[in-house]
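Student: Dropping a structure here in structure tokens format, bear with me for questions.
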Amino acid sequence: MSLFSRPRSLLAHSVLWVMLPFVVLTTGLVIAAVAIYQQSVTSLIVDRDRQVAHLAAASVSEGLHGYERVLTTLAGNAAIHSSSATARKKAIESAGSALSAFNAGVLAADLNGQTLTAVPVSVTTILPDVARQDYFQTVLSNHAPAFSHVFTSPVSGEPMIVIAVPITGDNDMLSGVLLGAVDLRDSTLDDLVKNIIVGYNGEAYLVGQRGTVIYHPNPAVIGTDYSNRPSVAQVEMGFSGGLVWQAPDGRRYVDGYAPIRLAGWGLIVQESWDQAAAPTQAHFILLTFIALTATGIATAVLWLGVRQITTPVQVMAGQTSRLAAGDTVEPVGGSGIAEFDALARAFNHMAAQIATYRAGLRRYVGAITDSQEEERLRISRELHDETVQSLMAVGRRIELHQASEDDPRRRAQLEELHTMVDATVDGVRQISRDLRPLILDDLGLVPALRMLVRGQREGEGAVPSVRLDVTGTPVQLTPVQELALYRITQEALNNVRRHAHATSVSVTLAFQIHAVQLDVTDDGRGFTLPTEIAELAQTGHFGLMGIQERVWAAGGTLVVNAGQDRGVHISVMIPVDY
């Protein structure tokens with residue numbers, strides 16, 4: 001019987017109140033440990049990328065300071081303050097490689113935004129109407145360098161930025177603005193970012209003040225709007241930190257971000273979460289395996305401990321049920337637990353006493369049964385040999401008087417008397433057969449059962465359909481066994497006639513190799529079978545108890561299946577020794 005079919009058993013309670021809380025607790029601890037481990041790994045990876053972004057942003061800021069210092073140094077050149085366009089141009093051209101970062105050109109403008117000098121001249125086309133630009137107005141307002149947003153060159157269509165510094169004279173009066181234009185697709189700005197190492201296969205990129213990409217390892221991305229990314233949105237607000245986010249395609253990324261306050265830009269370092277977490281996955285799997293294995297081993301040990309306690313109790317409960325049902329039980333062995341061993345010894349002693357009592361009771365019942373059978377045999381023979389013969393003699397005398405009587409009225413009376421005597425003879429013969437069927441002694445069990453079955457179709461409470469099936473090769477049974485099988489069949493059929501209201505009864509006698517099996521099945525209204533057949537005695541029903549006693553006396557086993565409105569099936573198995 002499974003655990004779930006016995007919710008009130010000791011094993012079920014042990015599982016419910018001991019094992020289940022333990023498994024839930026340990027599983028919760030494993031899940032919590034795994035979650036903490038994952039959170040710690042995530043925190044470490046995010047913190048690493050945050051620090052990388054912070055250091056990289058500081059490096060880029062220093063590089064931009066270099067760009068700014070180049071322009072500021074040039075703006076401080078006396079030639080830039082000269083009224084001679086040639087001198088200004090020569091000063092710019094003489095800067096040479098120092099201005100190589102400004103690959104789109106350098107332009108000097110007055111306070112009204114008019115171009116004073118442009119090297120090369122084409123930069124004026126790239127930077128038209130500078131007086132209206134935010135960076136130009138910022139320089140005029142703050143007398144400090146300013147960086148432009150990323151914009152598209154009207155000439156090449158490429159993304160560009162402008163760095164603007166003030167031009168001041170000897171008296172520190174603002175006299176103009178020096179602007180350096182940078183073509184982002186062909187600039188040295190990437191030298192500040194491309195050497196940043198981000199994990200195993202990460203990348204670093206710069207975004208401008210409006211979330212536009214200023215630099216990216218993939219040149220095709222430069223100028224793309226990344227303002228919808230969470231890290232870009234954070235860095236635009238001047239925050240630094242790190243986060244894990246999921247792209248629309250479902251892939252997860254780890255970002256570290258830091259602002260570059262000098263230019264109002266932001267630096268983002270990004271790597272795939274799968275690649276970033278890959279080195280820890282082996283440890284994670286190992287940790288999970290160890291935790292689950294430990295939980296499984298602990299659960300198995302606890303289960304074995306619970307079974308060590310519950311198994312002896314279940315064995316004893318089963319033996320107790322068998323003992324209560326009248327079956328023979330084996331002594332209960334020791335379990336190694338002192339309390340259970342003491343209980344087992346007490347149970348074994350009790351079982352031995354009950355077995356002794358039952359053996360004596362069965363011998364007594366057997367002796368009574370034998371005495372009854374002997375008395376039945378004696379009465380049956382007396383009825384058959386004396387009473388029936390006397391009645392037949394009376395019937396013969398009535399026939400003689402009837403033959404010599406001339407009065408019709410008296411002849412009718414004698415005929416009626418003769419009929420009564422014949423009926424009495426039949427009744428006495430039936431009583432004789434019921435007490436002890438002589439055919440059982442003369443012809444054996446099978447003919448006696450056939451006569452018994454045939455009689456069930458006659459008289460009060462007769463069953464319309466009763467059949468006997470004999471299978472196997474009949475063997476010679478002992479008189480005790482034959483009598484037991486006959487009486488069991490007789491009692492079963494009498495119960496059907498009295499109580500079942502059945503329309504059909506099947507009697508099957510099967511001769512097997514080492515046993516003979518008797519089955520009696522009816523389609524009557526049945527009854528509710530109690531837990532123990534002995535309980536039927538409390539309600540005055542002794543039929544099944546009598547059958548059980550006869551089965552026990554013959555050394556056999558009895559199985560009864562019954563239910564309300566589904567008939568009764570009685571199966572008897574008696575061992576046969578050849």
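Going through the structure tokens in order, the chains are called A, B, and so on, while each chain numbers its residues from 1 and the ligands are numbered from 1 in the order shown.
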Within 9 Å of stretch 487-496 of chain A, counting only C-alpha atoms, which residues qualify if same-chain residues fewer than 3 places away don't, as a PyMOL selection string?

Tutor: chain A and resi 434+449+452-453+456+461+463+482-484+499-502+505+507+518-520+522+524+543-544+546-548+550-551+568+570+572

Student: Let me see the file: selected residues, C-alpha atoms, as a CSV table (one decimal), in the first residue's frame.

Tutor:
chain,number,residue,atom,x,y,z
A,434,ASP,CA,-29.0,-33.2,4.5
A,449,LEU,CA,-22.0,-31.9,-5.1
A,452,LEU,CA,-26.5,-30.8,-3.9
A,453,VAL,CA,-26.5,-28.3,-6.8
A,456,GLN,CA,-31.0,-25.9,-5.2
A,461,GLY,CA,-36.2,-20.1,-2.3
A,463,VAL,CA,-32.4,-20.5,-7.5
A,482,GLU,CA,-14.4,-34.2,1.1
A,483,LEU,CA,-16.8,-33.6,4.0
A,484,ALA,CA,-15.4,-30.1,4.6
A,499,HIS,CA,-30.5,-14.2,2.0
A,500,ALA,CA,-29.2,-13.4,-1.5
A,501,HIS,CA,-32.3,-13.4,-3.7
A,502,ALA,CA,-30.0,-14.5,-6.5
A,505,VAL,CA,-25.1,-19.3,-8.7
A,507,VAL,CA,-20.0,-23.5,-8.1
A,518,LEU,CA,-13.7,-24.3,-4.4
A,519,ASP,CA,-15.4,-21.1,-5.6
A,520,VAL,CA,-19.1,-20.2,-5.0
A,522,ASP,CA,-23.8,-15.6,-6.8
A,524,GLY,CA,-27.5,-11.6,-5.4
A,543,GLY,CA,-22.8,-19.0,8.4
A,544,LEU,CA,-19.5,-17.6,7.2
A,546,GLY,CA,-18.9,-21.9,10.3
A,547,ILE,CA,-17.3,-22.0,6.8
A,548,GLN,CA,-14.2,-20.4,8.2
A,550,ARG,CA,-14.2,-25.8,8.6
A,551,VAL,CA,-11.6,-24.3,6.3
A,568,VAL,CA,-20.8,-12.6,-3.0
A,570,ILE,CA,-16.4,-17.3,-1.7
A,572,VAL,CA,-11.6,-21.8,-0.5

Student: Have a look at A:Val470, A:Asn201, A:Ser465, A:Asn195 and name the one nearest to A:Pro447; count only C-alpha atoms.

Tutor: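 Between A:Val470, A:Asn201, A:Ser465, A:Asn195, the residue approaching A:Pro447 most closely is A:Val470.
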
Student: Given the choices A:Val30, A:Leu116, A:Ala204, A:Ala367, which gets closest to A:Asp190 if the distance is worked out from only C-alpha atoms?

Tutor: A:Ala204

Student: Do a neighbour search on A:Ala355 at 9 Å with only C-alpha atoms, toss out local chain neighbours closer than 5 positions, and write the hits as a PDB file with C-alpha atoms, in the first residue's frame.

Tutor:
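So the final result, stored in part24.pdb, reads:
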ATOM      1  CA  LEU A 323      -3.217 -12.202  14.148  1.00  0.00           C
ATOM      2  CA  GLY A 326      -6.864 -15.572  12.741  1.00  0.00           C
ATOM      3  CA  THR A 328      -0.645 -17.714  11.617  1.00  0.00           C
ATOM      4  CA  VAL A 329       2.037 -15.096  12.202  1.00  0.00           C
ATOM      5  CA  MET A 350       1.149 -12.621  23.122  1.00  0.00           C
ATOM      6  CA  GLY A 360      -6.852 -25.713  21.526  1.00  0.00           C
TER       7      GLY A 360
END

Student: List the neighbours of stretch 45-49 of chain A out to 10 Å using only C-alpha atoms; skip same-chain residues closer than 2 positions along the sequence, and give me the result as a list in words.

Tutor: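 What passes the distance filter is Gln39, Ser40, Val41, Thr42, Ser43, Gln51, Val52, Ala53, His54, Leu55, Val198, Gly199, Gly202, Gly241, Gly242, Leu243, Val244, Val254, Asp255, Gly256, Tyr257, Ile268, Val269, Gln270, Glu271, Trp273, Ala276 and Ala277 of chain A.
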
Student: Excluding A:Ala144 and its own-chain neighbours fewer than 6 positions away, which residues fall within 10 Å of it when counting only C-alpha atoms? Please give them as a PDB file with N, CA and C atoms, in the first residue's frame.

Tutor:
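Okay, this is what ended up in part.pdb:
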ATOM      1  N   THR A  72      44.248  75.647 -26.957  1.00  0.00           N
ATOM      2  CA  THR A  72      44.475  76.774 -26.051  1.00  0.00           C
ATOM      3  C   THR A  72      45.879  77.350 -26.242  1.00  0.00           C
ATOM      4  N   THR A 138      28.725  79.382 -25.962  1.00  0.00           N
ATOM      5  CA  THR A 138      29.222  78.963 -24.652  1.00  0.00           C
ATOM      6  C   THR A 138      30.591  79.577 -24.378  1.00  0.00           C
ATOM      7  N   ALA A 164      35.987  74.145 -29.197  1.00  0.00           N
ATOM      8  CA  ALA A 164      36.186  75.606 -29.315  1.00  0.00           C
ATOM      9  C   ALA A 164      36.838  76.141 -28.047  1.00  0.00           C
ATOM     10  N   VAL A 165      37.865  77.035 -28.241  1.00  0.00           N
ATOM     11  CA  VAL A 165      38.547  77.670 -27.097  1.00  0.00           C
ATOM     12  C   VAL A 165      38.572  79.176 -27.337  1.00  0.00           C
ATOM     13  N   PRO A 166      38.603  79.971 -26.264  1.00  0.00           N
ATOM     14  CA  PRO A 166      38.622  81.433 -26.435  1.00  0.00           C
ATOM     15  C   PRO A 166      40.009  81.935 -26.867  1.00  0.00           C
ATOM     16  N   ILE A 167      40.008  83.000 -27.662  1.00  0.00           N
ATOM     17  CA  ILE A 167      41.240  83.719 -28.021  1.00  0.00           C
ATOM     18  C   ILE A 167      41.270  85.002 -27.219  1.00  0.00           C
TER      19      ILE A 167
END

Student: Pull the closest atom pair for each residue of stretch 104-130 of chain A that gets at most 12 Å from stretch 152-160 of chain A, along with the distance in Å to one decimal, counting only C-alpha atoms, ordering rows by chain and then ascending residue number, as a tab-separated table.

Tutor:
residue	atom	partner	partner_atom	distance
A:Ala104	CA	A:Met160	CA	8.5
A:Gly105	CA	A:Met160	CA	11.3
A:Ser122	CA	A:Val155	CA	9.0
A:Val123	CA	A:Val155	CA	9.4
A:Thr124	CA	A:Val155	CA	10.4
A:Thr125	CA	A:Val155	CA	7.1
A:Ile126	CA	A:Ser153	CA	5.9
A:Leu127	CA	A:Ser153	CA	8.3
A:Pro128	CA	A:Pro154	CA	9.3

Student: Limited to N, CA and C atoms, could you put the picked residues into a file as a PDB file, in the first residue's frame?

Tutor:
ATOM      1  N   ALA A 104      39.657  67.736 -39.672  1.00  0.00           N
ATOM      2  CA  ALA A 104      38.761  68.451 -40.586  1.00  0.00           C
ATOM      3  C   ALA A 104      39.151  69.917 -40.719  1.00  0.00           C
ATOM      4  N   GLY A 105      40.121  70.387 -39.912  1.00  0.00           N
ATOM      5  CA  GLY A 105      40.612  71.751 -40.056  1.00  0.00           C
ATOM      6  C   GLY A 105      40.453  72.578 -38.801  1.00  0.00           C
ATOM      7  N   SER A 122      38.518  74.803 -46.743  1.00  0.00           N
ATOM      8  CA  SER A 122      37.271  74.039 -46.849  1.00  0.00           C
ATOM      9  C   SER A 122      36.554  73.907 -45.500  1.00  0.00           C
ATOM     10  N   VAL A 123      37.260  74.179 -44.395  1.00  0.00           N
ATOM     11  CA  VAL A 123      36.616  74.051 -43.092  1.00  0.00           C
ATOM     12  C   VAL A 123      35.505  75.068 -42.924  1.00  0.00           C
ATOM     13  N   THR A 124      35.570  76.154 -43.687  1.00  0.00           N
ATOM     14  CA  THR A 124      34.502  77.164 -43.599  1.00  0.00           C
ATOM     15  C   THR A 124      33.190  76.608 -44.134  1.00  0.00           C
ATOM     16  N   THR A 125      33.329  75.683 -45.064  1.00  0.00           N
ATOM     17  CA  THR A 125      32.110  75.042 -45.588  1.00  0.00           C
ATOM     18  C   THR A 125      31.530  74.069 -44.555  1.00  0.00           C
ATOM     19  N   ILE A 126      32.439  73.424 -43.819  1.00  0.00           N
ATOM     20  CA  ILE A 126      31.989  72.463 -42.808  1.00  0.00           C
ATOM     21  C   ILE A 126      31.377  73.199 -41.616  1.00  0.00           C
ATOM     22  N   LEU A 127      31.941  74.402 -41.315  1.00  0.00           N
ATOM     23  CA  LEU A 127      31.476  75.155 -40.146  1.00  0.00           C
ATOM     24  C   LEU A 127      30.895  76.486 -40.602  1.00  0.00           C
ATOM     25  N   PRO A 128      29.752  76.457 -41.249  1.00  0.00           N
ATOM     26  CA  PRO A 128      29.138  77.739 -41.669  1.00  0.00           C
ATOM     27  C   PRO A 128      28.375  78.369 -40.492  1.00  0.00           C
TER      28      PRO A 128
END

Student: Once DSSP has gone over the backbone, tell me which residues of stretch 97-189 of chain A are in strand (DSSP E or B), as a PyMOL selection string.

Tutor: chain A and resi 105-110+115-119+146-147+151-152+159-168+174-183

Student: Would you mind exporting N, CA and C atoms of the selected residues as a CSV table (one decimal), in the first residue's frame?

Tutor:
chain,number,residue,atom,x,y,z
A,105,GLY,N,40.1,70.4,-39.9
A,105,GLY,CA,40.6,71.8,-40.1
A,105,GLY,C,40.5,72.6,-38.8
A,106,VAL,N,41.1,73.8,-38.8
A,106,VAL,CA,41.1,74.7,-37.7
A,106,VAL,C,40.6,76.1,-38.3
A,107,LEU,N,39.8,76.7,-37.5
A,107,LEU,CA,39.2,78.0,-37.9
A,107,LEU,C,39.3,79.0,-36.8
A,108,ALA,N,39.7,80.2,-37.1
A,108,ALA,CA,39.7,81.3,-36.1
A,108,ALA,C,38.6,82.3,-36.5
A,109,ALA,N,37.8,82.6,-35.6
A,109,ALA,CA,36.6,83.5,-35.8
A,109,ALA,C,36.7,84.7,-34.8
A,110,ASP,N,36.1,85.8,-35.3
A,110,ASP,CA,36.0,87.0,-34.4
A,110,ASP,C,34.8,86.8,-33.5
A,115,THR,N,34.8,84.5,-40.0
A,115,THR,CA,36.0,83.8,-40.2
A,115,THR,C,37.2,84.7,-40.4
A,116,LEU,N,38.2,84.5,-39.6
A,116,LEU,CA,39.5,85.3,-39.7
A,116,LEU,C,40.5,84.5,-40.5
A,117,THR,N,40.6,83.2,-40.1
A,117,THR,CA,41.6,82.4,-40.8
A,117,THR,C,41.0,81.0,-40.8
A,118,ALA,N,41.2,80.2,-41.9
A,118,ALA,CA,40.7,78.8,-41.9
A,118,ALA,C,41.8,78.0,-42.6
A,119,VAL,N,42.2,76.9,-42.0
A,119,VAL,CA,43.2,76.0,-42.5
A,119,VAL,C,42.6,74.6,-42.4
A,146,ALA,N,34.7,74.8,-25.0
A,146,ALA,CA,33.4,74.1,-25.1
A,146,ALA,C,33.5,73.1,-26.2
A,147,PHE,N,32.6,72.0,-26.1
A,147,PHE,CA,32.6,70.9,-27.0
A,147,PHE,C,31.2,70.9,-27.7
A,151,PHE,N,27.5,66.3,-35.0
A,151,PHE,CA,26.6,66.7,-36.1
A,151,PHE,C,27.2,66.1,-37.4
A,152,THR,N,26.4,66.2,-38.5
A,152,THR,CA,26.8,65.7,-39.8
A,152,THR,C,27.4,66.7,-40.6
A,159,PRO,N,29.9,62.0,-39.4
A,159,PRO,CA,29.7,62.6,-38.1
A,159,PRO,C,30.9,63.4,-37.7
A,160,MET,N,30.7,64.6,-37.1
A,160,MET,CA,31.8,65.5,-36.7
A,160,MET,C,31.5,66.1,-35.3
A,161,ILE,N,32.6,66.6,-34.6
A,161,ILE,CA,32.5,67.4,-33.4
A,161,ILE,C,33.4,68.6,-33.6
A,162,VAL,N,33.1,69.6,-32.8
A,162,VAL,CA,34.0,70.8,-32.8
A,162,VAL,C,34.4,71.1,-31.4
A,163,ILE,N,35.7,71.4,-31.2
A,163,ILE,CA,36.2,71.9,-29.9
A,163,ILE,C,36.6,73.3,-30.1
A,164,ALA,N,36.0,74.1,-29.2
A,164,ALA,CA,36.2,75.6,-29.3
A,164,ALA,C,36.8,76.1,-28.0
A,165,VAL,N,37.9,77.0,-28.2
A,165,VAL,CA,38.5,77.7,-27.1
A,165,VAL,C,38.6,79.2,-27.3
A,166,PRO,N,38.6,80.0,-26.3
A,166,PRO,CA,38.6,81.4,-26.4
A,166,PRO,C,40.0,81.9,-26.9
A,167,ILE,N,40.0,83.0,-27.7
A,167,ILE,CA,41.2,83.7,-28.0
A,167,ILE,C,41.3,85.0,-27.2
A,168,THR,N,42.3,85.1,-26.4
A,168,THR,CA,42.4,86.3,-25.5
A,168,THR,C,43.7,87.0,-25.7
A,174,LEU,N,38.7,88.9,-24.4
A,174,LEU,CA,38.3,88.0,-25.4
A,174,LEU,C,38.2,88.7,-26.7
A,175,SER,N,39.0,88.1,-27.7
A,175,SER,CA,39.0,88.8,-29.0
A,175,SER,C,38.5,87.8,-30.1
A,176,GLY,N,38.3,86.6,-29.8
A,176,GLY,CA,37.8,85.7,-30.8
A,176,GLY,C,37.7,84.3,-30.3
A,177,VAL,N,37.4,83.4,-31.2
A,177,VAL,CA,37.2,81.9,-30.8
A,177,VAL,C,38.0,81.1,-31.8
A,178,LEU,N,38.8,80.1,-31.3
A,178,LEU,CA,39.5,79.2,-32.1
A,178,LEU,C,38.8,77.9,-32.1
A,179,LEU,N,38.5,77.3,-33.3
A,179,LEU,CA,37.7,76.1,-33.4
A,179,LEU,C,38.5,75.0,-34.1
A,180,GLY,N,38.4,73.8,-33.5
A,180,GLY,CA,39.1,72.7,-34.2
A,180,GLY,C,38.0,71.7,-34.5
A,181,ALA,N,37.9,71.3,-35.8
A,181,ALA,CA,36.9,70.3,-36.3
A,181,ALA,C,37.5,68.9,-36.4
A,182,VAL,N,36.7,68.0,-35.9
A,182,VAL,CA,37.2,66.6,-35.9
A,182,VAL,C,36.2,65.7,-36.7
A,183,ASP,N,36.7,65.0,-37.7
A,183,ASP,CA,35.9,64.0,-38.5
A,183,ASP,C,36.0,62.7,-37.7

Student: Leaving out A:Val60 and any residue of its chain fewer than 6 positions from it, which residues lie within 10 Å of it when counting only C-alpha atoms, given as a count of residues only?

Tutor: 12

Student: Of the residues A:Ser432, A:Thr478, A:Gln389, A:Val425, which is the one nearest to A:Glu375, using only C-alpha atoms?

Tutor: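 With only C-alpha atoms as the atom set, the closest residue is A:Ser432.
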
Student: List the spatial neighbours of A:Met392 as a VMD selection string - criterion: any atom at most 12 Å away, only C-alpha atoms, same-chain residues fewer than 3 positions off excluded.

Tutor: chain A and resid 383 to 389 395 to 399 418 to 426 428 to 429

Student: Per DSSP on the backbone, what are the helix (DSSP H, G or I) residues of stretch 255-397 of chain A, as number ranges by chain?

Tutor: A: 273-324, 338-397

Student: Keeping C-alpha atoms, export the residues of the selection given above as a tab-separated table (two decimals), in the first residue's frame.

Tutor:
chain	number	residue	atom	x	y	z
A	273	TRP	CA	26.47	38.68	-19.95
A	274	ASP	CA	26.94	35.11	-21.15
A	275	GLN	CA	30.61	35.71	-21.92
A	276	ALA	CA	31.17	37.75	-18.78
A	277	ALA	CA	29.62	35.08	-16.58
A	278	ALA	CA	31.09	32.11	-18.48
A	279	PRO	CA	34.18	31.75	-16.22
A	280	THR	CA	31.89	31.47	-13.20
A	281	GLN	CA	29.45	29.03	-14.74
A	282	ALA	CA	31.68	26.02	-14.08
A	283	HIS	CA	31.94	27.04	-10.43
A	284	PHE	CA	28.20	27.71	-10.36
A	285	ILE	CA	27.38	24.29	-11.80
A	286	LEU	CA	29.83	22.64	-9.41
A	287	LEU	CA	28.35	24.54	-6.47
A	288	THR	CA	24.82	23.61	-7.50
A	289	PHE	CA	25.80	19.96	-8.00
A	290	ILE	CA	27.50	19.80	-4.61
A	291	ALA	CA	24.53	21.47	-2.91
A	292	LEU	CA	21.99	19.18	-4.58
A	293	THR	CA	24.12	16.11	-3.92
A	294	ALA	CA	24.50	17.07	-0.27
A	295	THR	CA	20.75	17.65	-0.03
A	296	GLY	CA	20.05	14.32	-1.73
A	297	ILE	CA	22.44	12.44	0.56
A	298	ALA	CA	21.02	14.12	3.65
A	299	THR	CA	17.48	13.34	2.48
A	300	ALA	CA	18.41	9.71	1.79
A	301	VAL	CA	20.02	9.36	5.21
A	302	LEU	CA	16.98	10.92	6.84
A	303	TRP	CA	14.68	8.63	4.83
A	304	LEU	CA	16.65	5.59	5.94
A	305	GLY	CA	16.42	6.81	9.53
A	306	VAL	CA	12.66	7.28	9.22
A	307	ARG	CA	12.30	3.85	7.65
A	308	GLN	CA	14.42	2.37	10.44
A	309	ILE	CA	11.77	3.60	12.84
A	310	THR	CA	8.60	3.11	10.81
A	311	THR	CA	9.36	-0.30	9.25
A	312	PRO	CA	9.26	-2.26	12.54
A	313	VAL	CA	6.02	-0.49	13.43
A	314	GLN	CA	4.50	-1.31	10.03
A	315	VAL	CA	5.64	-4.93	10.28
A	316	MET	CA	4.15	-5.24	13.74
A	317	ALA	CA	0.93	-3.55	12.61
A	318	GLY	CA	0.66	-6.01	9.71
A	319	GLN	CA	1.34	-8.99	11.96
A	320	THR	CA	-1.22	-7.68	14.44
A	321	SER	CA	-3.85	-7.45	11.68
A	322	ARG	CA	-3.06	-11.00	10.57
A	323	LEU	CA	-3.22	-12.20	14.15
A	324	ALA	CA	-6.60	-10.49	14.60
A	338	ALA	CA	15.44	-1.01	22.45
A	339	GLU	CA	11.84	0.14	22.75
A	340	PHE	CA	10.79	-1.70	19.58
A	341	ASP	CA	12.65	-4.84	20.62
A	342	ALA	CA	10.82	-4.85	23.96
A	343	LEU	CA	7.52	-4.36	22.13
A	344	ALA	CA	8.41	-7.18	19.71
A	345	ARG	CA	9.15	-9.57	22.57
A	346	ALA	CA	5.81	-8.72	24.19
A	347	PHE	CA	4.03	-9.18	20.86
A	348	ASN	CA	5.70	-12.52	20.18
A	349	HIS	CA	4.73	-13.76	23.64
A	350	MET	CA	1.15	-12.62	23.12
A	351	ALA	CA	1.03	-14.19	19.63
A	352	ALA	CA	2.32	-17.50	21.03
A	353	GLN	CA	-0.35	-17.50	23.73
A	354	ILE	CA	-3.09	-16.68	21.24
A	355	ALA	CA	-1.82	-19.38	18.85
A	356	THR	CA	-1.89	-21.91	21.68
A	357	TYR	CA	-5.40	-20.85	22.65
A	358	ARG	CA	-6.60	-20.96	19.05
A	359	ALA	CA	-5.05	-24.36	18.47
A	360	GLY	CA	-6.85	-25.71	21.53
A	361	LEU	CA	-10.09	-24.01	20.47
A	362	ARG	CA	-9.84	-25.40	16.97
A	363	ARG	CA	-9.17	-28.89	18.32
A	364	TYR	CA	-12.22	-28.47	20.52
A	365	VAL	CA	-14.33	-27.18	17.61
A	366	GLY	CA	-12.97	-30.00	15.47
A	367	ALA	CA	-13.90	-32.55	18.08
A	368	ILE	CA	-17.40	-31.09	18.36
A	369	THR	CA	-17.72	-31.06	14.57
A	370	ASP	CA	-16.61	-34.68	14.34
A	371	SER	CA	-19.04	-35.61	17.09
A	372	GLN	CA	-21.81	-33.78	15.24
A	373	GLU	CA	-20.96	-35.51	11.99
A	374	GLU	CA	-20.96	-38.89	13.71
A	375	GLU	CA	-24.31	-38.16	15.30
A	376	ARG	CA	-25.66	-36.92	11.97
A	377	LEU	CA	-24.43	-40.10	10.32
A	378	ARG	CA	-26.11	-42.24	12.96
A	379	ILE	CA	-29.41	-40.36	12.74
A	380	SER	CA	-29.22	-40.33	8.93
A	381	ARG	CA	-28.73	-44.08	8.81
A	382	GLU	CA	-31.52	-44.67	11.33
A	383	LEU	CA	-33.88	-42.49	9.32
A	384	HIS	CA	-32.87	-44.26	6.12
A	385	ASP	CA	-32.81	-47.78	7.46
A	386	GLU	CA	-35.66	-47.69	9.98
A	387	THR	CA	-37.96	-44.72	9.64
A	388	VAL	CA	-38.13	-44.77	5.86
A	389	GLN	CA	-38.57	-48.53	5.78
A	390	SER	CA	-41.37	-48.33	8.37
A	391	LEU	CA	-43.12	-45.59	6.41
A	392	MET	CA	-42.79	-47.60	3.21
A	393	ALA	CA	-44.33	-50.59	5.03
A	394	VAL	CA	-47.23	-48.40	6.15
A	395	GLY	CA	-47.66	-47.26	2.57
A	396	ARG	CA	-47.73	-50.87	1.39
A	397	ARG	CA	-50.44	-51.79	3.91
